[in-house]
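Notes for the one structure printed next.
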Amino acid sequence: MPEAHQRAFDRLGDRVLLEVPLQPGIRSTLVHTAYRLDPVAVFGRDAPLVVEIGSGSGDALVEGARRRPDWDFVAFEVWRPGIGHSMAKMGAEALPNVRIVEADAAVALGTALSPGSVQEVWTYFPDPWPKTKHRKRRIVDADLADTVLGLLAPGGTWRLATDWDDYAGAMRTVLDAHDGFTLVSTDRAPLRPVTRFERKGVARGRRITDLAYAPR
C-alpha cells in the first residue's frame, strides 16, 4: 500500500471500517452467517442505503457519498490497498455516511442485510475474467441476481458498469432472463464519476456500458 494510503488507513480506519465477525479460516474474507448489519445503528439514522459490491479504490463510493449526504453507503471490498486509497480520497476527515466492510460481498450479501433494505446496489467494473476458462469466476451471475433482488427495496435499482463488451453481453443475458428484473436504463449512472481507469479503457478502444435494472 502506498505510504499516503497507509496513513489514511491508519487515521480513518477506526471510523470507516466496520468490524464484522468472519467465518473461521486462515485469512478468511467471508462474513459469518450469523452477522446482521443494522444500518440505523451504524449510521445513527434511517436513510436510503447504497451497497457497493467491490468499491476498488473508492472513486464511485466517495463521489456518491459527497454528492448525496442524505444517503448512507456501505461498500464491500477485500483489497486492502483499495480501501486505503478510498480513505485517502476522503481527505482529513472520514465521510460520516460511508462504511467499508473488508469482506467478500457475494457471500456477505446473502445474510448480512435485511431483505428489502437497500435502495441501490452498485457493481462497477467487476473483474471481467476475459479468458474463456475463467469466466465462471465472474461475479454477476444468476445467484448474485437472486441475492440482489432480495435486498432491493421497492423502487430500488441495481446499477452495473463494465468496459468489456463480452461481459456487458453476459450481464444482459443473465439479467434479461431473470424473472425478477427489468432493464430500466442504459444511460450513465447519475453518481458514477469518470475515473482514470475508465479513461484508460476508452483510450484502448473499449466501450463503456452502463446498465440499470429494477425489480419487476
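We name chains A, B, ... following the order of the C-alpha cells; residues begin at 1 in each chain, and ligands are numbered from 1 as shown.
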Exercise: A:Arg15 partners within 10 Å, only C-alpha atoms, chain neighbours under 2 positions left out, as a list in words =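 In the requested form, the answer reads Phe9, Arg11, Leu12, Gly13, Leu17, Leu18, Glu93, Ala94, Leu95, Pro96, Val98, Arg99 and Ile100 of chain A.
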Write a file of the selected residues as a PDB file, in the first residue's frame, keeping C-alpha atoms.
ATOM      1  CA  PHE A   9      -5.986   3.841   6.600  1.00  0.00           C
ATOM      2  CA  ARG A  11      -6.044   7.663  10.524  1.00  0.00           C
ATOM      3  CA  LEU A  12      -9.573   6.835   9.425  1.00  0.00           C
ATOM      4  CA  GLY A  13      -9.838   3.073   9.762  1.00  0.00           C
ATOM      5  CA  LEU A  17     -14.096   0.167   8.690  1.00  0.00           C
ATOM      6  CA  LEU A  18     -16.908  -1.927  10.099  1.00  0.00           C
ATOM      7  CA  GLU A  93     -11.919  13.545   7.877  1.00  0.00           C
ATOM      8  CA  ALA A  94     -13.956  10.401   7.345  1.00  0.00           C
ATOM      9  CA  LEU A  95     -17.208  10.826   5.452  1.00  0.00           C
ATOM     10  CA  PRO A  96     -19.920  10.203   8.058  1.00  0.00           C
ATOM     11  CA  VAL A  98     -19.605   5.781   4.463  1.00  0.00           C
ATOM     12  CA  ARG A  99     -18.624   2.440   5.941  1.00  0.00           C
ATOM     13  CA  ILE A 100     -16.440  -0.232   4.383  1.00  0.00           C
TER      14      ILE A 100
END
Which residues of stretch 87-178 of chain A come within 12 Å of stretch 61-80 of chain A, and for each one, what is the closest pair of atoms and their distance in Å to one decimal, counting only C-alpha atoms, sorted by chain and residue number, as a tab-separated table?
residue	atom	partner	partner_atom	distance
A:Met87	CA	A:Val62	CA	8.6
A:Ala88	CA	A:Val62	CA	10.0
A:Lys89	CA	A:Val62	CA	7.0
A:Met90	CA	A:Val62	CA	6.7
A:Gly91	CA	A:Val62	CA	10.3
A:Ala94	CA	A:Val62	CA	10.1
A:Leu95	CA	A:Ala65	CA	7.4
A:Pro96	CA	A:Pro69	CA	8.4
A:Asn97	CA	A:Asp72	CA	4.7
A:Val98	CA	A:Phe73	CA	4.8
A:Arg99	CA	A:Val74	CA	4.9
A:Ile100	CA	A:Ala75	CA	4.8
A:Val101	CA	A:Phe76	CA	4.8
A:Glu102	CA	A:Val78	CA	5.0
A:Ala103	CA	A:Val78	CA	5.1
A:Asp104	CA	A:Val78	CA	6.1
A:Ala105	CA	A:Phe76	CA	5.3
A:Ala106	CA	A:Phe76	CA	9.0
A:Val107	CA	A:Phe76	CA	10.3
A:Ala108	CA	A:Phe76	CA	8.5
A:Leu109	CA	A:Phe76	CA	9.1
A:Ala112	CA	A:Phe76	CA	11.2
A:Leu113	CA	A:Val74	CA	10.7
A:Ser117	CA	A:Asp72	CA	11.7
A:Val118	CA	A:Phe73	CA	9.8
A:Gln119	CA	A:Trp71	CA	9.3
A:Glu120	CA	A:Phe73	CA	9.5
A:Val121	CA	A:Ala75	CA	9.7
A:Trp122	CA	A:Ala75	CA	9.1
A:Thr123	CA	A:Ala75	CA	10.3
A:Tyr124	CA	A:Leu61	CA	10.3
A:Pro126	CA	A:Glu77	CA	11.3
Grab the residues selected above and save them as a compact mmCIF listing (two decimals), in the first residue's frame with N, CA, C and O atoms.
# COMPACT_ATOMS: atom_id res chain seq x y z
N MET A 87 -9.96 5.75 1.56
CA MET A 87 -9.85 6.63 2.71
C MET A 87 -9.03 7.87 2.37
O MET A 87 -9.35 8.97 2.82
N ALA A 88 -7.97 7.69 1.58
CA ALA A 88 -7.16 8.84 1.18
C ALA A 88 -7.99 9.84 0.38
O ALA A 88 -7.80 11.06 0.51
N LYS A 89 -8.91 9.34 -0.43
CA LYS A 89 -9.77 10.22 -1.21
C LYS A 89 -10.70 11.05 -0.33
O LYS A 89 -11.18 12.11 -0.73
N MET A 90 -10.98 10.56 0.87
CA MET A 90 -11.87 11.30 1.77
C MET A 90 -11.20 12.55 2.33
O MET A 90 -11.87 13.50 2.72
N GLY A 91 -9.87 12.55 2.39
CA GLY A 91 -9.16 13.69 2.92
C GLY A 91 -8.90 13.55 4.41
O GLY A 91 -8.70 12.44 4.92
N ALA A 94 -13.13 11.47 7.90
CA ALA A 94 -13.96 10.40 7.34
C ALA A 94 -15.31 10.96 6.94
O ALA A 94 -15.86 11.84 7.61
N LEU A 95 -15.85 10.46 5.83
CA LEU A 95 -17.21 10.83 5.45
C LEU A 95 -18.17 10.11 6.39
O LEU A 95 -18.11 8.88 6.53
N PRO A 96 -19.07 10.83 7.05
CA PRO A 96 -19.92 10.20 8.06
C PRO A 96 -20.92 9.20 7.50
O PRO A 96 -21.44 8.37 8.25
N ASN A 97 -21.19 9.27 6.21
CA ASN A 97 -22.18 8.37 5.61
C ASN A 97 -21.55 7.22 4.83
O ASN A 97 -22.20 6.63 3.96
N VAL A 98 -20.30 6.88 5.14
CA VAL A 98 -19.60 5.78 4.46
C VAL A 98 -19.06 4.80 5.49
O VAL A 98 -18.44 5.18 6.48
N ARG A 99 -19.29 3.51 5.21
CA ARG A 99 -18.62 2.44 5.94
C ARG A 99 -18.14 1.41 4.93
O ARG A 99 -18.78 1.19 3.90
N ILE A 100 -17.01 0.79 5.24
CA ILE A 100 -16.44 -0.23 4.38
C ILE A 100 -16.29 -1.52 5.17
O ILE A 100 -15.83 -1.51 6.32
N VAL A 101 -16.69 -2.61 4.56
CA VAL A 101 -16.52 -3.94 5.15
C VAL A 101 -15.45 -4.67 4.35
O VAL A 101 -15.57 -4.83 3.13
N GLU A 102 -14.40 -5.09 5.03
CA GLU A 102 -13.30 -5.80 4.37
C GLU A 102 -13.67 -7.28 4.29
O GLU A 102 -13.23 -8.11 5.08
N ALA A 103 -14.51 -7.60 3.29
CA ALA A 103 -15.03 -8.96 3.18
C ALA A 103 -15.61 -9.18 1.79
O ALA A 103 -15.86 -8.23 1.04
N ASP A 104 -15.83 -10.43 1.47
CA ASP A 104 -16.36 -10.85 0.19
C ASP A 104 -17.84 -10.49 0.10
O ASP A 104 -18.66 -10.98 0.88
N ALA A 105 -18.20 -9.65 -0.87
CA ALA A 105 -19.58 -9.18 -0.98
C ALA A 105 -20.53 -10.28 -1.39
O ALA A 105 -21.65 -10.37 -0.87
N ALA A 106 -20.13 -11.12 -2.34
CA ALA A 106 -21.05 -12.11 -2.88
C ALA A 106 -21.58 -13.04 -1.79
O ALA A 106 -22.74 -13.47 -1.84
N VAL A 107 -20.74 -13.33 -0.81
CA VAL A 107 -21.17 -14.19 0.31
C VAL A 107 -21.93 -13.37 1.34
O VAL A 107 -23.00 -13.76 1.81
N ALA A 108 -21.40 -12.22 1.71
CA ALA A 108 -22.00 -11.42 2.79
C ALA A 108 -23.41 -10.95 2.47
O ALA A 108 -24.28 -10.91 3.36
N LEU A 109 -23.67 -10.59 1.22
CA LEU A 109 -24.97 -10.03 0.90
C LEU A 109 -26.11 -11.01 1.10
O LEU A 109 -27.26 -10.60 1.28
N ALA A 112 -26.06 -10.80 5.51
CA ALA A 112 -25.72 -9.70 6.41
C ALA A 112 -26.74 -8.56 6.42
O ALA A 112 -26.79 -7.78 7.37
N LEU A 113 -27.55 -8.45 5.37
CA LEU A 113 -28.50 -7.35 5.27
C LEU A 113 -29.93 -7.87 5.20
O LEU A 113 -30.19 -8.95 4.67
N SER A 117 -33.97 -3.87 2.18
CA SER A 117 -33.41 -2.77 2.96
C SER A 117 -32.50 -1.84 2.16
O SER A 117 -32.01 -0.84 2.70
N VAL A 118 -32.28 -2.13 0.88
CA VAL A 118 -31.28 -1.41 0.10
C VAL A 118 -31.94 -0.64 -1.05
O VAL A 118 -32.73 -1.20 -1.81
N GLN A 119 -31.59 0.63 -1.16
CA GLN A 119 -32.14 1.46 -2.24
C GLN A 119 -31.43 1.20 -3.57
O GLN A 119 -32.06 1.10 -4.62
N GLU A 120 -30.10 1.13 -3.53
CA GLU A 120 -29.33 0.85 -4.74
C GLU A 120 -28.19 -0.09 -4.44
O GLU A 120 -27.56 0.01 -3.37
N VAL A 121 -27.90 -0.98 -5.38
CA VAL A 121 -26.70 -1.82 -5.36
C VAL A 121 -25.86 -1.41 -6.55
O VAL A 121 -26.37 -1.28 -7.67
N TRP A 122 -24.56 -1.19 -6.31
CA TRP A 122 -23.64 -0.81 -7.38
C TRP A 122 -22.63 -1.92 -7.62
O TRP A 122 -22.02 -2.43 -6.67
N THR A 123 -22.44 -2.27 -8.89
CA THR A 123 -21.40 -3.22 -9.29
C THR A 123 -20.69 -2.60 -10.48
O THR A 123 -21.07 -2.81 -11.64
N TYR A 124 -19.66 -1.81 -10.21
CA TYR A 124 -18.97 -1.06 -11.25
C TYR A 124 -17.62 -1.69 -11.57
O TYR A 124 -16.77 -1.85 -10.69
N PRO A 126 -16.54 -4.79 -12.37
CA PRO A 126 -16.04 -6.00 -11.71
C PRO A 126 -15.00 -6.69 -12.59
O PRO A 126 -14.94 -6.45 -13.81
Would you mind writing down, as number ranges by chain, each residue of chain A that DSSP on the backbone assigns to strand (DSSP E)?
-> A: 49-53, 72-76, 98-101, 118-124, 152-162, 181-185, 209-215
Please measure the separation of atom CA of A:Leu211 and atom CA of A:Leu183, giving the value in Å to one decimal.
->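 Answer for the atom CA of A:Leu211 to atom CA of A:Leu183 separation: 7.3 Å.
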Within 9 Å of A:Gly201 using only C-alpha atoms, minus same-chain residues under 6 positions, as a VMD selection string = chain A and resid 163 to 164 207 to 208
Counting only C-alpha atoms, which of A:His134, A:Arg45, A:His5, A:Arg27 gets nearest to A:Gly84?
->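 Closest candidate: A:His5.
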List the spatial neighbours of A:Trp129 as a PDB file with N, CA, C and O atoms, in the first residue's frame - criterion: any atom at most 10 Å away, only C-alpha atoms, same-chain residues fewer than 4 positions off excluded.
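Full text of around-v4.pdb as output:
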ATOM      1  N   LYS A 133     -11.797 -19.778 -20.015  1.00  0.00           N
ATOM      2  CA  LYS A 133     -11.750 -20.776 -18.946  1.00  0.00           C
ATOM      3  C   LYS A 133     -11.991 -20.169 -17.568  1.00  0.00           C
ATOM      4  O   LYS A 133     -12.249 -20.887 -16.606  1.00  0.00           O
ATOM      5  N   HIS A 134     -11.884 -18.838 -17.446  1.00  0.00           N
ATOM      6  CA  HIS A 134     -12.058 -18.172 -16.157  1.00  0.00           C
ATOM      7  C   HIS A 134     -13.420 -17.509 -16.002  1.00  0.00           C
ATOM      8  O   HIS A 134     -13.717 -16.960 -14.946  1.00  0.00           O
ATOM      9  N   ARG A 135     -14.241 -17.527 -17.027  1.00  0.00           N
ATOM     10  CA  ARG A 135     -15.485 -16.754 -16.984  1.00  0.00           C
ATOM     11  C   ARG A 135     -16.460 -17.218 -15.914  1.00  0.00           C
ATOM     12  O   ARG A 135     -17.325 -16.463 -15.483  1.00  0.00           O
ATOM     13  N   LYS A 136     -16.304 -18.447 -15.471  1.00  0.00           N
ATOM     14  CA  LYS A 136     -17.171 -18.931 -14.391  1.00  0.00           C
ATOM     15  C   LYS A 136     -16.912 -18.191 -13.079  1.00  0.00           C
ATOM     16  O   LYS A 136     -17.707 -18.275 -12.150  1.00  0.00           O
ATOM     17  N   ARG A 137     -15.791 -17.442 -13.013  1.00  0.00           N
ATOM     18  CA  ARG A 137     -15.473 -16.678 -11.807  1.00  0.00           C
ATOM     19  C   ARG A 137     -16.147 -15.303 -11.784  1.00  0.00           C
ATOM     20  O   ARG A 137     -16.055 -14.599 -10.787  1.00  0.00           O
ATOM     21  N   ARG A 138     -16.775 -14.907 -12.865  1.00  0.00           N
ATOM     22  CA  ARG A 138     -17.414 -13.598 -12.911  1.00  0.00           C
ATOM     23  C   ARG A 138     -18.497 -13.500 -11.834  1.00  0.00           C
ATOM     24  O   ARG A 138     -19.293 -14.424 -11.650  1.00  0.00           O
ATOM     25  N   ILE A 139     -18.531 -12.350 -11.181  1.00  0.00           N
ATOM     26  CA  ILE A 139     -19.400 -12.212 -10.021  1.00  0.00           C
ATOM     27  C   ILE A 139     -20.866 -12.036 -10.402  1.00  0.00           C
ATOM     28  O   ILE A 139     -21.763 -12.438  -9.647  1.00  0.00           O
ATOM     29  N   TRP A 164     -15.901  -4.065 -20.786  1.00  0.00           N
ATOM     30  CA  TRP A 164     -15.694  -5.244 -21.628  1.00  0.00           C
ATOM     31  C   TRP A 164     -17.023  -5.606 -22.292  1.00  0.00           C
ATOM     32  O   TRP A 164     -17.984  -5.958 -21.597  1.00  0.00           O
ATOM     33  N   TYR A 167     -18.453  -8.991 -21.337  1.00  0.00           N
ATOM     34  CA  TYR A 167     -19.062  -9.061 -20.009  1.00  0.00           C
ATOM     35  C   TYR A 167     -20.391  -8.315 -19.995  1.00  0.00           C
ATOM     36  O   TYR A 167     -21.358  -8.752 -19.355  1.00  0.00           O
TER      37      TYR A 167
END
Which residue out of A:Asp210, A:Asp10, A:Glu198, A:Glu3 has the minimum interatomic distance to A:Leu160 when only C-alpha atoms are used?
-> A:Asp210
For A:Ala168, which residue out of A:Gly150, A:Pro128, A:Gly156, A:Pro190 is the nearest one, using only C-alpha atoms?
->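 Closest to A:Ala168, using only C-alpha atoms: A:Pro128.
Using only C-alpha atoms, the nearest neighbour of A:Ala153 within the list A:Gly205, A:Pro48, A:Gly116, A:Gly54 is A:Gly116.
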Would you mind telling me which residue in A:Ala214, A:Ile53, A:Val20, A:Ala92 lies nearest to A:Leu37 when using only C-alpha atoms?
->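 Of A:Ala214, A:Ile53, A:Val20, A:Ala92, the one nearest A:Leu37, counting only C-alpha atoms, is A:Val20.
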One decimal, Å: what's the distance from atom CA of A:Ala34 over to atom CA of A:Gly82, could you say?
->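 Computed distance, atom CA of A:Ala34 to atom CA of A:Gly82, equals 26.7 Å.
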For A:Glu52, which residue out of A:His178, A:Arg36, A:Arg192, A:His85 is the nearest one, using only C-alpha atoms?
->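 With only C-alpha atoms as the atom set, the closest residue is A:Arg192.
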Secondary structure check, alpha helix (DSSP H) residues of stretch 62-215 of chain A, as a ChimeraX atom specification | /A:62-67,80-90,105-108,142-151,165-176,196-203
Please save C-alpha atoms of the selected residues as a PDB file, in the first residue's frame.
ATOM      1  CA  VAL A  62     -16.542   8.701  -2.230  1.00  0.00           C
ATOM      2  CA  GLU A  63     -18.088  10.731  -5.055  1.00  0.00           C
ATOM      3  CA  GLY A  64     -21.534   9.328  -4.354  1.00  0.00           C
ATOM      4  CA  ALA A  65     -21.294   9.911  -0.621  1.00  0.00           C
ATOM      5  CA  ARG A  66     -20.206  13.515  -1.115  1.00  0.00           C
ATOM      6  CA  ARG A  67     -22.973  14.261  -3.582  1.00  0.00           C
ATOM      7  CA  ARG A  80      -6.920  -3.549   1.422  1.00  0.00           C
ATOM      8  CA  PRO A  81      -4.803  -1.180  -0.719  1.00  0.00           C
ATOM      9  CA  GLY A  82      -8.048  -0.122  -2.401  1.00  0.00           C
ATOM     10  CA  ILE A  83      -9.620   0.516   0.991  1.00  0.00           C
ATOM     11  CA  GLY A  84      -6.647   2.693   1.937  1.00  0.00           C
ATOM     12  CA  HIS A  85      -6.977   4.560  -1.344  1.00  0.00           C
ATOM     13  CA  SER A  86     -10.680   5.133  -0.657  1.00  0.00           C
ATOM     14  CA  MET A  87      -9.849   6.635   2.709  1.00  0.00           C
ATOM     15  CA  ALA A  88      -7.155   8.845   1.184  1.00  0.00           C
ATOM     16  CA  LYS A  89      -9.772  10.221  -1.215  1.00  0.00           C
ATOM     17  CA  MET A  90     -11.866  11.305   1.768  1.00  0.00           C
ATOM     18  CA  ALA A 105     -19.576  -9.180  -0.977  1.00  0.00           C
ATOM     19  CA  ALA A 106     -21.054 -12.109  -2.884  1.00  0.00           C
ATOM     20  CA  VAL A 107     -21.173 -14.188   0.305  1.00  0.00           C
ATOM     21  CA  ALA A 108     -21.997 -11.422   2.788  1.00  0.00           C
ATOM     22  CA  ALA A 142     -27.928 -15.790 -11.602  1.00  0.00           C
ATOM     23  CA  ASP A 143     -27.137 -16.489  -7.941  1.00  0.00           C
ATOM     24  CA  LEU A 144     -25.994 -12.910  -7.316  1.00  0.00           C
ATOM     25  CA  ALA A 145     -29.051 -11.645  -9.165  1.00  0.00           C
ATOM     26  CA  ASP A 146     -31.296 -13.606  -6.792  1.00  0.00           C
ATOM     27  CA  THR A 147     -29.442 -12.146  -3.808  1.00  0.00           C
ATOM     28  CA  VAL A 148     -29.596  -8.552  -5.045  1.00  0.00           C
ATOM     29  CA  LEU A 149     -33.283  -8.875  -5.889  1.00  0.00           C
ATOM     30  CA  GLY A 150     -33.988  -9.907  -2.314  1.00  0.00           C
ATOM     31  CA  LEU A 151     -32.083  -6.912  -0.944  1.00  0.00           C
ATOM     32  CA  ASP A 165     -18.322  -5.817 -24.335  1.00  0.00           C
ATOM     33  CA  ASP A 166     -18.302  -9.549 -23.694  1.00  0.00           C
ATOM     34  CA  TYR A 167     -19.062  -9.061 -20.009  1.00  0.00           C
ATOM     35  CA  ALA A 168     -21.742  -6.475 -20.800  1.00  0.00           C
ATOM     36  CA  GLY A 169     -23.400  -9.064 -23.025  1.00  0.00           C
ATOM     37  CA  ALA A 170     -23.124 -11.690 -20.304  1.00  0.00           C
ATOM     38  CA  MET A 171     -24.718  -9.319 -17.771  1.00  0.00           C
ATOM     39  CA  ARG A 172     -27.587  -8.665 -20.162  1.00  0.00           C
ATOM     40  CA  THR A 173     -28.026 -12.375 -20.785  1.00  0.00           C
ATOM     41  CA  VAL A 174     -28.278 -13.135 -17.067  1.00  0.00           C
ATOM     42  CA  LEU A 175     -30.468 -10.219 -16.034  1.00  0.00           C
ATOM     43  CA  ASP A 176     -32.763 -10.037 -19.063  1.00  0.00           C
ATOM     44  CA  ARG A 196      -8.644   7.317 -14.661  1.00  0.00           C
ATOM     45  CA  PHE A 197      -9.381   3.612 -15.037  1.00  0.00           C
ATOM     46  CA  GLU A 198     -12.322   4.386 -17.314  1.00  0.00           C
ATOM     47  CA  ARG A 199     -10.365   6.877 -19.392  1.00  0.00           C
ATOM     48  CA  LYS A 200      -7.605   4.293 -19.914  1.00  0.00           C
ATOM     49  CA  GLY A 201     -10.172   1.757 -21.078  1.00  0.00           C
ATOM     50  CA  VAL A 202     -11.645   4.211 -23.566  1.00  0.00           C
ATOM     51  CA  ALA A 203      -8.150   5.108 -24.793  1.00  0.00           C
TER      52      ALA A 203
END
Could you please determine the separation between atom CA of A:Leu22 and atom CA of A:Ala161 in Å, to one decimal place?
->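 Separation between atom CA of A:Leu22 and atom CA of A:Ala161: 28.9 Å.
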